[in-house]
$ cat upload-v3.cif   # mmCIF, C-alpha atoms
data_model
#
loop_
_atom_site.label_atom_id
_atom_site.label_comp_id
_atom_site.auth_asym_id
_atom_site.auth_seq_id
_atom_site.Cartn_x
_atom_site.Cartn_y
_atom_site.Cartn_z
CA MET A 1 -30.53 -119.57 56.97
CA SER A 2 -33.55 -121.46 55.66
CA ILE A 3 -36.89 -119.71 55.33
CA THR A 4 -38.62 -121.95 57.86
CA LEU A 5 -36.01 -121.24 60.52
CA LYS A 6 -36.30 -117.53 59.79
CA ALA A 7 -40.06 -117.76 60.17
CA LEU A 8 -39.64 -119.78 63.37
CA LEU A 9 -37.49 -117.04 64.87
CA LYS A 10 -40.03 -114.39 63.90
CA SER A 11 -43.02 -116.15 65.39
CA PRO A 12 -42.06 -118.37 68.31
CA TRP A 13 -45.19 -119.59 70.05
CA VAL A 14 -44.53 -120.31 73.65
CA PHE A 15 -45.86 -123.08 75.84
CA HIS A 16 -45.09 -122.86 79.48
CA LEU A 17 -44.66 -125.86 81.69
CA SER A 18 -44.50 -125.55 85.44
CA THR A 19 -42.75 -128.51 87.02
CA GLY A 20 -43.53 -127.72 90.60
CA SER A 21 -42.44 -124.10 90.80
CA CYS A 22 -43.65 -121.58 93.33
CA ASN A 23 -45.49 -119.68 90.52
CA ASN A 24 -43.23 -116.62 90.66
CA CYS A 25 -41.48 -117.51 87.41
CA ASP A 26 -44.86 -118.20 85.77
CA ILE A 27 -46.14 -114.80 86.82
CA GLU A 28 -43.01 -113.15 85.43
CA ILE A 29 -43.54 -114.99 82.13
CA LEU A 30 -47.09 -113.69 81.97
CA ASP A 31 -45.72 -110.21 82.70
CA CYS A 32 -43.94 -110.32 79.36
CA LEU A 33 -47.32 -110.35 77.63
CA THR A 34 -48.64 -107.28 79.44
CA PRO A 35 -48.72 -103.81 77.80
CA ARG A 36 -45.46 -102.77 79.44
CA PHE A 37 -43.33 -105.43 77.73
CA ASP A 38 -45.65 -106.72 74.98
CA VAL A 39 -43.73 -109.57 73.38
CA GLU A 40 -46.46 -109.92 70.73
CA ARG A 41 -44.62 -107.24 68.75
CA PHE A 42 -41.93 -109.90 68.18
CA GLY A 43 -44.61 -112.38 67.17
CA MET A 44 -44.56 -114.37 70.40
CA LEU A 45 -47.85 -115.80 71.53
CA LEU A 46 -48.76 -117.97 74.47
CA ALA A 47 -49.98 -121.26 72.99
CA GLY A 48 -52.55 -123.21 74.94
CA SER A 49 -51.63 -126.59 73.50
CA ILE A 50 -48.15 -128.12 73.26
CA ARG A 51 -48.86 -129.18 69.66
CA HIS A 52 -48.98 -125.51 68.60
CA ALA A 53 -45.81 -124.52 70.44
CA ASP A 54 -42.27 -123.87 69.21
CA VAL A 55 -40.69 -122.92 72.51
CA LEU A 56 -41.04 -124.88 75.73
CA LEU A 57 -40.49 -122.75 78.82
CA VAL A 58 -39.72 -124.93 81.82
CA THR A 59 -40.00 -123.44 85.29
CA GLY A 60 -39.61 -125.05 88.67
CA SER A 61 -37.49 -127.79 90.19
CA ALA A 62 -38.30 -130.95 88.28
CA ASN A 63 -39.63 -133.24 90.96
CA ARG A 64 -40.00 -137.00 90.73
CA LYS A 65 -43.64 -136.94 89.68
CA CYS A 66 -42.91 -134.40 86.97
CA ILE A 67 -39.93 -136.05 85.26
CA PRO A 68 -41.94 -138.51 83.10
CA ARG A 69 -44.36 -135.68 82.26
CA ILE A 70 -41.55 -133.39 81.14
CA LYS A 71 -40.24 -136.10 78.83
CA GLN A 72 -43.73 -136.76 77.51
CA VAL A 73 -44.45 -133.09 76.84
CA TYR A 74 -41.09 -132.76 75.09
CA GLN A 75 -41.95 -135.71 72.85
CA GLN A 76 -45.36 -134.26 72.07
CA MET A 77 -43.87 -131.02 70.78
CA PRO A 78 -43.60 -130.86 66.94
CA LYS A 79 -39.98 -130.81 66.08
CA PRO A 80 -38.01 -127.83 65.08
CA CYS A 81 -38.29 -126.67 68.68
CA VAL A 82 -36.41 -124.97 71.47
CA VAL A 83 -36.34 -125.48 75.24
CA VAL A 84 -35.77 -122.61 77.64
CA ALA A 85 -35.17 -123.17 81.35
CA ILE A 86 -36.37 -120.24 83.46
CA GLY A 87 -35.51 -119.58 87.07
CA GLU A 88 -32.98 -120.89 89.56
CA CYS A 89 -35.00 -124.04 90.33
CA SER A 90 -35.01 -125.38 86.82
CA LEU A 91 -31.38 -124.41 86.22
CA SER A 92 -29.83 -126.03 89.26
CA ARG A 93 -32.73 -126.97 91.55
CA GLY A 94 -32.03 -123.83 93.61
CA MET A 95 -32.83 -124.23 97.29
CA PHE A 96 -34.16 -127.74 96.66
CA ILE A 97 -30.75 -129.08 95.66
CA HIS A 98 -30.58 -131.41 98.66
CA SER A 99 -34.19 -132.45 98.49
CA TYR A 100 -35.07 -136.15 98.18
CA ASN A 101 -37.74 -135.20 95.66
CA CYS A 102 -35.60 -133.36 93.10
CA PRO A 103 -33.06 -135.86 91.75
CA LEU A 104 -32.11 -134.10 88.51
CA PRO A 105 -31.94 -130.57 87.10
CA VAL A 106 -34.00 -129.99 83.95
CA ASP A 107 -31.06 -130.11 81.52
CA LYS A 108 -30.27 -133.68 82.55
CA ILE A 109 -33.80 -134.67 81.52
CA ILE A 110 -34.30 -132.88 78.20
CA PRO A 111 -31.81 -130.82 76.10
CA VAL A 112 -32.00 -127.16 77.12
CA ASP A 113 -31.00 -124.37 74.73
CA VAL A 114 -31.09 -121.27 76.90
CA TYR A 115 -30.79 -120.78 80.66
CA ILE A 116 -32.36 -117.72 82.25
CA PRO A 117 -31.24 -117.40 85.89
CA GLY A 118 -32.99 -115.45 88.61
CA CYS A 119 -35.41 -116.13 91.40
CA PRO A 120 -37.61 -115.12 89.69
CA PRO A 121 -35.96 -113.57 86.61
CA LYS A 122 -37.25 -110.13 85.65
CA PRO A 123 -39.26 -109.85 82.43
CA GLU A 124 -36.32 -107.88 81.03
CA ALA A 125 -34.07 -110.85 81.75
CA ILE A 126 -36.50 -113.22 80.03
CA ILE A 127 -36.63 -111.01 76.93
CA ALA A 128 -32.80 -110.72 76.96
CA GLY A 129 -32.59 -114.51 77.14
CA VAL A 130 -34.88 -114.87 74.16
CA VAL A 131 -32.76 -112.37 72.22
CA LYS A 132 -29.68 -114.47 73.00
CA LEU A 133 -31.53 -117.56 71.82
CA ILE A 134 -32.41 -115.88 68.53
CA GLU A 135 -28.80 -114.79 68.04
CA LYS A 136 -27.57 -118.29 68.75
CA LEU A 137 -30.00 -119.87 66.31
CA SER A 138 -29.31 -117.34 63.56
CA ALA A 139 -25.57 -117.94 63.85
CA LYS A 140 -25.90 -121.71 63.60
CA PRO A 141 -27.78 -122.92 60.51
CA GLU A 142 -28.32 -126.48 61.73
CA LYS A 143 -30.87 -127.13 64.45
CA LYS A 144 -31.97 -130.48 65.73
CA MET B 12 -61.86 -121.54 31.84
CA ILE B 13 -62.84 -118.14 33.20
CA TYR B 14 -64.24 -119.90 36.25
CA LEU B 15 -60.88 -121.55 36.87
CA ILE B 16 -59.16 -118.16 36.76
CA TYR B 17 -61.71 -116.81 39.21
CA LEU B 18 -61.18 -119.83 41.44
CA ILE B 19 -57.41 -119.48 41.57
CA ILE B 20 -56.85 -115.73 41.44
CA PHE B 21 -59.87 -114.32 43.25
CA GLY B 22 -61.04 -117.34 45.20
CA PHE B 23 -57.71 -118.33 46.62
CA PHE B 24 -54.88 -115.80 46.27
CA LEU B 25 -56.72 -112.53 46.67
CA THR B 26 -58.94 -113.87 49.44
CA ALA B 27 -55.96 -115.32 51.29
CA LEU B 28 -54.03 -112.06 51.01
CA ILE B 29 -56.94 -109.95 52.20
CA GLY B 30 -57.71 -112.49 54.91
CA LEU B 31 -54.16 -112.44 56.24
CA PHE B 32 -54.22 -108.65 56.20
CA ALA B 33 -57.58 -108.65 57.99
CA SER B 34 -56.26 -110.93 60.68
CA TRP B 35 -53.35 -108.53 61.14
CA VAL B 36 -55.86 -105.65 61.46
CA ASP B 37 -57.71 -107.73 64.02
CA ARG B 38 -54.58 -108.40 66.09
CA LYS B 39 -53.34 -104.82 65.80
CA VAL B 40 -56.66 -103.30 66.84
CA THR B 41 -56.81 -105.75 69.74
CA ALA B 42 -53.31 -104.69 70.80
CA ARG B 43 -54.15 -101.00 70.55
CA VAL B 44 -57.31 -101.51 72.60
CA GLN B 45 -55.12 -103.07 75.30
CA TYR B 46 -52.49 -100.27 75.06
CA ARG B 47 -49.97 -102.57 73.42
CA VAL B 48 -47.94 -102.11 70.23
CA GLY B 49 -49.02 -105.23 68.41
CA PRO B 50 -47.42 -107.43 65.77
CA PRO B 51 -45.91 -106.27 62.44
CA VAL B 52 -47.93 -106.46 59.20
CA LEU B 53 -46.38 -109.67 57.92
CA GLN B 54 -46.97 -111.54 61.17
CA PRO B 55 -49.91 -113.76 60.01
CA LEU B 56 -47.93 -114.76 56.91
CA ILE B 57 -44.84 -115.56 58.99
CA ASP B 58 -46.94 -117.69 61.33
CA LEU B 59 -48.28 -119.59 58.34
CA VAL B 60 -44.82 -120.21 56.84
CA LYS B 61 -43.52 -121.33 60.20
CA LEU B 62 -46.38 -123.78 60.68
CA LEU B 63 -45.81 -125.20 57.19
CA GLY B 64 -42.22 -125.96 58.14
CA LYS B 65 -43.08 -127.84 61.33
CA GLU B 66 -43.58 -131.50 61.95
CA THR B 67 -47.10 -132.89 61.47
CA MET B 68 -48.12 -135.19 64.29
CA VAL B 69 -51.11 -137.51 64.26
CA PRO B 70 -52.07 -138.47 67.80
CA LYS B 71 -52.33 -142.08 68.81
CA GLY B 72 -55.87 -143.42 68.49
CA ALA B 73 -56.95 -140.71 66.06
CA SER B 74 -58.69 -141.48 62.81
CA LYS B 75 -55.90 -140.53 60.46
CA PHE B 76 -57.88 -139.89 57.28
CA SER B 77 -60.56 -137.66 58.77
CA PHE B 78 -58.00 -135.95 61.00
CA LEU B 79 -55.96 -134.85 57.99
CA ALA B 80 -58.82 -134.38 55.49
CA ALA B 81 -61.02 -132.17 57.68
CA PRO B 82 -58.91 -128.97 57.31
CA LEU B 83 -58.85 -129.40 53.53
CA LEU B 84 -62.64 -129.73 53.46
CA GLY B 85 -63.00 -126.44 55.31
CA LEU B 86 -60.43 -124.62 53.19
CA GLY B 87 -61.97 -125.89 49.96
CA SER B 88 -65.44 -124.72 50.90
CA VAL B 89 -64.18 -121.28 51.86
CA ILE B 90 -62.38 -120.96 48.52
CA LEU B 91 -65.58 -121.94 46.68
CA VAL B 92 -67.69 -119.43 48.62
CA SER B 93 -65.27 -116.61 47.96
CA THR B 94 -65.15 -117.50 44.26
CA ILE B 95 -68.94 -117.31 44.04
CA LEU B 96 -69.01 -114.01 45.93
CA TRP B 97 -66.28 -112.40 43.81
CA PHE B 98 -67.95 -113.58 40.62
CA ASN B 99 -71.23 -112.06 41.76
CA CYS B 100 -69.58 -108.79 42.62
CA LEU B 101 -67.67 -108.43 39.38
CA ASN B 102 -70.39 -109.62 36.94
CA PRO B 103 -73.78 -109.48 38.66
CA GLN B 104 -75.59 -110.44 35.45
CA ARG B 105 -73.93 -113.80 34.83
CA THR B 106 -74.82 -115.78 37.93
CA PHE B 107 -77.08 -118.76 38.44
CA ILE B 108 -80.39 -118.96 40.31
CA GLY B 109 -80.07 -120.18 43.87
CA ASP B 110 -76.44 -119.23 44.45
CA ILE B 111 -77.41 -117.68 47.78
CA ILE B 112 -78.53 -121.14 48.90
CA VAL B 113 -75.23 -122.63 47.76
CA VAL B 114 -73.33 -119.98 49.69
CA VAL B 115 -75.33 -120.62 52.86
CA TYR B 116 -74.69 -124.35 52.57
CA LEU B 117 -70.98 -123.90 51.90
CA LEU B 118 -70.62 -121.51 54.84
CA VAL B 119 -71.67 -124.31 57.20
CA LEU B 120 -68.84 -126.54 55.97
CA PRO B 121 -65.96 -124.75 57.81
CA SER B 122 -67.74 -125.30 61.12
CA LEU B 123 -68.45 -128.86 60.08
CA SER B 124 -64.79 -129.44 59.25
CA ILE B 125 -63.79 -128.16 62.68
CA ILE B 126 -66.30 -130.53 64.26
CA ILE B 127 -65.01 -133.51 62.24
CA GLY B 128 -61.38 -132.66 63.00
CA GLY B 129 -62.09 -132.28 66.70
CA PHE B 130 -63.90 -135.58 66.99
CA ALA B 131 -61.27 -137.36 64.89
CA SER B 132 -58.38 -136.26 67.08
CA ALA B 133 -59.18 -138.56 70.02
CA ASN B 134 -58.77 -135.91 72.67
CA PRO B 135 -61.41 -135.31 75.35
CA LEU B 136 -60.98 -131.53 75.26
CA ALA B 137 -61.29 -131.55 71.47
CA SER B 138 -64.49 -133.58 71.78
CA ILE B 139 -65.92 -131.05 74.23
CA GLY B 140 -64.98 -128.26 71.83
CA SER B 141 -66.57 -130.07 68.90
CA SER B 142 -69.82 -130.72 70.72
CA ARG B 143 -69.96 -127.05 71.72
CA GLU B 144 -69.32 -126.03 68.14
CA MET B 145 -72.18 -128.28 67.07
CA LYS B 146 -74.56 -126.64 69.55
CA LEU B 147 -73.37 -123.22 68.41
CA VAL B 148 -74.06 -124.09 64.76
CA LEU B 149 -77.55 -125.25 65.70
CA SER B 150 -78.21 -122.03 67.57
CA TYR B 151 -76.97 -119.42 65.10
CA GLU B 152 -78.21 -120.96 61.85
CA LEU B 153 -81.89 -120.08 62.47
CA PRO B 154 -81.46 -116.30 62.95
CA PHE B 155 -78.79 -116.32 60.22
CA LEU B 156 -81.23 -117.74 57.67
CA LEU B 157 -84.04 -115.41 58.79
CA ALA B 158 -81.74 -112.41 58.45
CA ILE B 159 -80.73 -113.50 54.94
CA LEU B 160 -84.42 -113.63 54.02
CA VAL B 161 -84.66 -109.84 54.37
CA PRO B 162 -82.46 -108.95 51.35
CA VAL B 163 -84.10 -111.81 49.46
CA ILE B 164 -87.56 -110.32 50.07
CA GLN B 165 -86.47 -106.75 49.42
CA GLY B 166 -84.80 -107.72 46.17
CA GLY B 167 -88.17 -108.96 44.91
CA PHE B 168 -88.11 -112.58 46.13
CA THR B 169 -84.94 -113.38 44.25
CA LEU B 170 -82.52 -116.15 45.05
CA ARG B 171 -79.66 -114.65 43.08
CA LEU B 172 -76.99 -112.57 44.76
CA GLY B 173 -76.54 -110.64 41.51
CA GLU B 174 -80.14 -109.42 41.58
CA ILE B 175 -79.80 -108.32 45.19
CA LEU B 176 -76.73 -106.33 44.13
CA THR B 177 -78.46 -104.70 41.15
CA TYR B 178 -81.48 -103.91 43.37
CA GLN B 179 -79.14 -102.09 45.75
CA VAL B 180 -77.50 -100.19 42.91
CA GLN B 181 -80.91 -98.87 41.84
CA ASN B 182 -82.67 -98.37 45.18
CA GLY B 183 -79.89 -97.66 47.70
CA VAL B 184 -78.39 -100.08 50.19
CA ILE B 185 -80.62 -102.46 52.15
CA LEU B 186 -78.93 -101.37 55.39
CA GLY B 187 -80.72 -98.03 54.99
CA SER B 188 -84.20 -99.49 55.53
CA TRP B 189 -85.62 -100.44 58.94
CA SER B 190 -85.87 -104.14 58.21
CA GLY B 191 -82.38 -104.12 56.71
CA PHE B 192 -80.92 -102.47 59.79
CA LEU B 193 -82.48 -105.00 62.18
CA ALA B 194 -81.36 -107.91 60.01
CA PHE B 195 -77.87 -106.42 59.83
CA LEU B 196 -77.63 -106.40 63.64
CA VAL B 197 -78.72 -110.05 63.75
CA ILE B 198 -76.35 -111.18 61.01
CA LEU B 199 -73.44 -109.36 62.66
CA MET B 200 -73.96 -111.40 65.81
CA CYS B 201 -74.26 -114.61 63.75
CA VAL B 202 -71.02 -113.81 61.93
CA GLN B 203 -69.32 -113.27 65.26
CA ALA B 204 -70.43 -116.76 66.23
CA LYS B 205 -69.46 -118.23 62.84
CA LEU B 206 -65.96 -116.78 63.21
CA ALA B 207 -65.85 -118.09 66.81
CA LEU B 208 -64.76 -114.70 68.13
CA VAL B 209 -65.00 -113.65 71.70
CA PRO B 210 -68.55 -113.36 72.92
CA PHE B 211 -69.12 -116.70 71.18
CA ASP B 212 -65.68 -118.30 71.21
CA ILE B 213 -67.13 -121.05 73.38
CA PRO B 214 -65.87 -123.94 71.19
CA GLU B 215 -62.30 -122.68 71.28
CA ALA B 216 -62.15 -121.11 74.73
CA GLU B 217 -58.37 -120.91 75.13
CA THR B 218 -58.40 -120.43 78.88
CA GLU B 219 -60.90 -123.19 79.44
CA ILE B 220 -60.42 -126.03 76.96
CA VAL B 221 -57.11 -124.79 75.46
CA GLY B 222 -58.07 -124.33 71.82
CA GLY B 223 -60.85 -126.91 71.69
CA PRO B 224 -61.04 -128.88 68.44
CA LEU B 225 -57.64 -127.60 67.28
CA ILE B 226 -55.78 -128.83 70.35
CA GLU B 227 -54.11 -131.84 68.66
CA TYR B 228 -53.32 -130.14 65.36
CA SER B 229 -49.73 -129.25 64.52
CA GLY B 230 -47.73 -128.25 61.48
CA THR B 231 -49.42 -128.15 58.08
CA PRO B 232 -53.01 -129.06 59.10
CA LEU B 233 -52.92 -126.30 61.71
CA ALA B 234 -51.62 -123.91 59.05
CA VAL B 235 -54.55 -124.89 56.82
CA TYR B 236 -56.98 -124.22 59.67
CA LYS B 237 -55.36 -120.85 60.38
CA LEU B 238 -55.59 -119.94 56.70
CA MET B 239 -59.23 -121.07 56.65
CA LYS B 240 -60.04 -118.86 59.63
CA ASN B 241 -58.21 -115.90 58.14
CA MET B 242 -60.06 -116.35 54.85
CA LEU B 243 -63.38 -116.60 56.71
CA LEU B 244 -62.52 -113.26 58.27
CA PHE B 245 -62.68 -111.91 54.74
CA VAL B 246 -65.50 -114.04 53.29
CA LEU B 247 -68.14 -113.48 55.97
CA PRO B 248 -67.89 -109.66 56.13
CA PHE B 249 -67.82 -109.71 52.32
CA PHE B 250 -71.07 -111.70 52.32
CA ILE B 251 -72.63 -109.14 54.68
CA MET B 252 -71.40 -106.38 52.37
CA ILE B 253 -73.06 -108.00 49.36
CA LEU B 254 -76.33 -108.61 51.15
CA PHE B 255 -76.71 -105.35 53.03
CA MET B 256 -74.19 -102.74 51.92
CA GLY B 257 -74.15 -102.89 48.13
CA GLY B 258 -71.11 -105.09 47.69
CA PHE B 259 -67.83 -104.13 46.10
CA ARG B 260 -67.75 -102.36 42.73
CA LEU B 261 -64.66 -101.58 40.71
CA SER B 262 -66.14 -98.70 38.70
CA GLY B 263 -65.03 -95.15 39.52
CA ALA B 264 -64.40 -94.32 43.16
CA HIS B 265 -66.57 -97.19 44.37
CA TRP B 266 -63.60 -99.41 45.13
CA ILE B 267 -62.35 -97.05 47.88
CA ASN B 268 -65.87 -97.10 49.25
CA GLY B 269 -65.82 -100.89 49.22
CA ILE B 270 -62.48 -101.10 51.04
CA LEU B 271 -63.69 -98.65 53.67
CA LYS B 272 -66.90 -100.65 54.19
CA TYR B 273 -64.88 -103.84 54.61
CA LEU B 274 -62.35 -102.34 57.04
CA GLY B 275 -65.20 -100.78 59.01
CA LEU B 276 -66.89 -104.15 59.36
CA VAL B 277 -63.66 -105.84 60.46
CA ALA B 278 -63.00 -103.08 63.00
CA LEU B 279 -66.58 -103.41 64.28
CA ILE B 280 -66.17 -107.18 64.70
CA THR B 281 -62.85 -106.66 66.49
CA VAL B 282 -64.27 -104.07 68.86
CA ILE B 283 -67.19 -106.35 69.71
CA ARG B 284 -64.66 -109.09 70.37
CA ASN B 285 -62.56 -106.92 72.64
CA THR B 286 -65.28 -105.41 74.76
CA ASN B 287 -67.21 -108.53 75.68
CA PRO B 288 -66.68 -111.49 77.96
CA ARG B 289 -67.24 -115.05 76.80
CA VAL B 290 -70.74 -116.40 77.37
CA ARG B 291 -71.65 -119.97 78.25
CA ILE B 292 -73.03 -122.28 75.58
CA ASP B 293 -76.54 -122.31 77.09
CA GLN B 294 -76.52 -118.50 77.26
CA ALA B 295 -75.44 -118.31 73.63
CA MET B 296 -78.20 -120.70 72.59
CA ARG B 297 -80.82 -118.74 74.54
CA PHE B 298 -79.51 -115.50 73.03
CA PHE B 299 -79.74 -116.77 69.46
CA TRP B 300 -83.05 -118.62 69.74
CA GLY B 301 -84.63 -115.88 71.87
CA PRO B 302 -83.89 -112.19 71.17
CA MET B 303 -82.01 -112.68 67.91
CA THR B 304 -84.69 -114.88 66.30
CA ILE B 305 -87.45 -112.50 67.42
CA LEU B 306 -85.51 -109.55 66.02
CA ALA B 307 -84.92 -111.37 62.75
CA MET B 308 -88.62 -112.29 62.48
CA MET B 309 -89.57 -108.67 63.07
CA ALA B 310 -87.17 -107.72 60.30
CA VAL B 311 -88.78 -110.26 57.97
CA PHE B 312 -92.29 -108.91 58.72
CA LEU B 313 -91.11 -105.35 58.15
CA ALA B 314 -89.56 -106.42 54.86
CA LEU B 315 -92.82 -108.06 53.82
CA LYS B 316 -94.61 -104.77 54.63
CA GLY B 317 -92.08 -103.06 52.40
CA LEU B 318 -90.29 -101.01 55.06
#

$ encode --input "upload-v3.cif" --output "structure tokens"
Amino acid sequence: MSITLKALLKSPWVFHLSTGSCNNCDIEILDCLTPRFDVERFGMLLAGSIRHADVLLVTGSANRKCIPRIKQVYQQMPKPCVVVAIGECSLSRGMFIHSYNCPLPVDKIIPVDVYIPGCPPKPEAIIAGVVKLIEKLSAKPEKK
Amino acid sequence: MIYLIYLIIFGFFLTALIGLFASWVDRKVTARVQYRVGPPVLQPLIDLVKLLGKETMVPKGASKFSFLAAPLLGLGSVILVSTILWFNCLNPQRTFIGDIIVVVYLLVLPSLSIIIGGFASANPLASIGSSREMKLVLSYELPFLLAILVPVIQGGFTLRLGEILTYQVQNGVILGSWSGFLAFLVILMCVQAKLALVPFDIPEAETEIVGGPLIEYSGTPLAVYKLMKNMLLFVLPFFIMILFMGGFRLSGAHWINGILKYLGLVALITVIRNTNPRVRIDQAMRFFWGPMTILAMMAVFLALKGL
């Protein structure tokens, strides 16, 4: 494993992108930063700008207005990077699956590395998902 | 030749190491204040290595040269300042007249580099951040200079850091006198603003203008900025230590004393940062040009009276 990938796994800075979610997933993400879960001990920080981020957390059912924005944000992210889809809506559009406004799930728009199901997922589930992501990346030396 | 060794070993490597450690202390103390565990010791270094391995993006419409050169300008000036300070601390006799003026000038350059980088990155939020940084520089420089006058006057109207240090070796630290104490309070606030930490983190306000001037930076230039900020977290408290607290001496048990002084200053800065809300730019300006300038002028008068 190269040293930059190792460093990336030890300090993933997270940017979170809400594509029309009901805010529950976003609140659960913020819960991970609170004293009870404290993901900063793994080096994770919430980045304000997409240029600083290594991990893109996508929540919400990607609606028509959001699809070009998701692509744009993904292109703006500097490149050894990872995409995590959080919550039922971004995985499979959830209850909006028959909606006229949600044509595609997130993984048809940008490549997604980890799926964290739940409506909303617990902070424990989010941390478990990130652990799985780290295991996956450490096993595979090549990353896009 | 000896200057080159000082530049590389003390100016860059030692300062960077201590700066990274200080930024870990800062993050850990912040975490403990908030009842969290906090990051491991190597975290700032890991962040730096990670940023060096990432892609560097130059936004469309940005001025490429100034966008990429601005971080180097800031880092270079910080390295120069720390070289001068270390040289003063280790051989106080062999310095040049007016180095305190050079240090004050060079300490403006990091802020200037952030302003240039922000304006060069063609982002409206970065421009807002840069213009706020400019106003902040204008507001804190006046009390900063007045507070620096106090050690200059007490050291017998000298413009050499070495003479201020030898004065403190003979007559006790400047912080112990009334004028020194007032000036120390003022310069602590100014350093807080120079480091852009919380009561005065108006240019970078993460929750408001998402990182301000640094918003478009990624990869290596961002790593250079982070390193510059971490090194400033060493250089500015070190400057305060030299001016007011007798500096850092290697002889005998003085080096433990020096480390304790430095860690105490960093902890003080961190606690100030954690127990205060962010002020607005007009409030910061009023604060620095009003109470802080008056306090600094009082300190200067007391120093002239010899108190």

$ residues_around --input "upload-v3.cif" --residues "segment 271-287 of chain B" --least-positions-apart "4" --cutoff "8 Å" --atoms "only C-alpha atoms" --output "PyMOL selection string"
chain B and resi 33+36-37+40-41+44+199+203+208-210+244+248-249+252+256+267

$ residues_around --input "upload-v3.cif" --residues "Gln54 of chain B" --least-positions-apart "4" --cutoff "9 Å" --atoms "all atoms listed in the file" --output "PyMOL selection string"
(chain A and resi 10-11+42-43) or (chain B and resi 31+35+50+58-59)

$ closest_residue --input "upload-v3.cif" --among "A:Pro120, A:Gly60, A:Pro68, A:Pro80" --to "chain B" --atoms "all atoms listed in the file"
A:Pro80

$ closest_atom_pairs --input "upload-v3.cif" --of "chain A" --to "chain B" --cutoff "10 Å" --atoms "only C-alpha atoms" --output "CSV"
residue,atom,partner,partner_atom,distance
A:Ile3,CA,B:Val60,CA,8.1
A:Thr4,CA,B:Gly64,CA,5.4
A:Leu5,CA,B:Lys61,CA,7.5
A:Lys6,CA,B:Lys61,CA,8.2
A:Ala7,CA,B:Lys61,CA,5.0
A:Leu8,CA,B:Lys61,CA,5.2
A:Leu9,CA,B:Lys61,CA,8.8
A:Lys10,CA,B:Ile57,CA,7.0
A:Ser11,CA,B:Asp58,CA,5.8
A:Pro12,CA,B:Asp58,CA,8.5
A:Trp13,CA,B:Asp58,CA,9.1
A:Leu33,CA,B:Arg47,CA,9.2
A:Thr34,CA,B:Arg47,CA,7.8
A:Pro35,CA,B:Arg47,CA,4.7
A:Arg36,CA,B:Arg47,CA,7.5
A:Phe37,CA,B:Arg47,CA,8.4
A:Asp38,CA,B:Arg47,CA,6.2
A:Val39,CA,B:Gly49,CA,8.5
A:Glu40,CA,B:Pro50,CA,5.6
A:Arg41,CA,B:Pro50,CA,4.1
A:Phe42,CA,B:Pro50,CA,6.5
A:Gly43,CA,B:Pro50,CA,5.9
A:Met44,CA,B:Pro50,CA,8.8
A:Ala47,CA,B:Val221,CA,8.3
A:Gly48,CA,B:Val221,CA,4.9
A:Ser49,CA,B:Ile226,CA,5.7
A:Ile50,CA,B:Ile226,CA,8.2
A:Arg51,CA,B:Ser229,CA,5.2
A:His52,CA,B:Ser229,CA,5.6
A:Ala53,CA,B:Ser229,CA,8.5
A:Asp54,CA,B:Lys65,CA,8.9
A:Gln76,CA,B:Met68,CA,8.3
A:Met77,CA,B:Ser229,CA,8.8
A:Pro78,CA,B:Glu66,CA,5.0
A:Lys79,CA,B:Glu66,CA,5.5
A:Pro80,CA,B:Lys65,CA,6.3
A:Cys81,CA,B:Lys65,CA,8.9

$ residues_around --input "upload-v3.cif" --residues "Gly87 of chain B" --least-positions-apart "4" --cutoff "9 Å" --atoms "only C-alpha atoms" --output "list in words"
Pro82, Leu83, Leu91, Val92, Pro121 and Met239 of chain B

$ residues_around --input "upload-v3.cif" --residues "Ser21 of chain A" --least-positions-apart "3" --cutoff "8 Å" --atoms "only C-alpha atoms" --output "list in words"
Ser18, Asn24, Cys25, Thr59, Gly60, Ser61 and Cys89 of chain A

$ write_last_selection --input "upload-v3.cif" --atoms "C-alpha atoms" --output "compact mmCIF listing (two decimals), in the frame of the given file"
# COMPACT_ATOMS: atom_id res chain seq x y z
CA SER A 18 -44.50 -125.55 85.44
CA ASN A 24 -43.23 -116.62 90.66
CA CYS A 25 -41.48 -117.51 87.41
CA THR A 59 -40.00 -123.44 85.29
CA GLY A 60 -39.61 -125.05 88.67
CA SER A 61 -37.49 -127.79 90.19
CA CYS A 89 -35.00 -124.04 90.33

$ atom_distance --input "upload-v3.cif" --atom1 "atom CA of Glu88 of chain A" --atom2 "atom CA of Gly118 of chain A"
5.5 Å

$ resolve_selection --input "upload-v3.cif" --expression "the PyMOL selection byres ((chain A and resi 90-102) around 10)" --output "PyMOL selection string"
chain A and resi 18-21+58-67+84-89+103-107+112+114-119

$ atom_distance --input "upload-v3.cif" --atom1 "atom CA of Val14 of chain A" --atom2 "atom CA of Leu56 of chain A"
6.1 Å

$ closest_residue --input "upload-v3.cif" --among "B:Leu96, B:Ile198, B:Ala137, B:Ile125" --to "Leu157 of chain B" --atoms "all atoms listed in the file"
B:Ile198

$ atom_distance --input "upload-v3.cif" --atom1 "atom CA of Ile126 of chain B" --atom2 "atom CA of Gln72 of chain A"
26.9 Å

$ resolve_selection --input "upload-v3.cif" --expression "the PyMOL selection byres ((chain B and resi 293) around 12)" --output "ChimeraX atom specification"
/B:143,146-147,149-150,211,213,289-292,294-301

$ axis_aligned_box --input "upload-v3.cif" --around "segment 93-108 of chain A" --padding-each-side "4 Å" --output "AutoDock Vina command-line options"
--center_x -34.0 --center_y -130.0 --center_z 90.1 --size_x 15.5 --size_y 20.3 --size_z 25.1
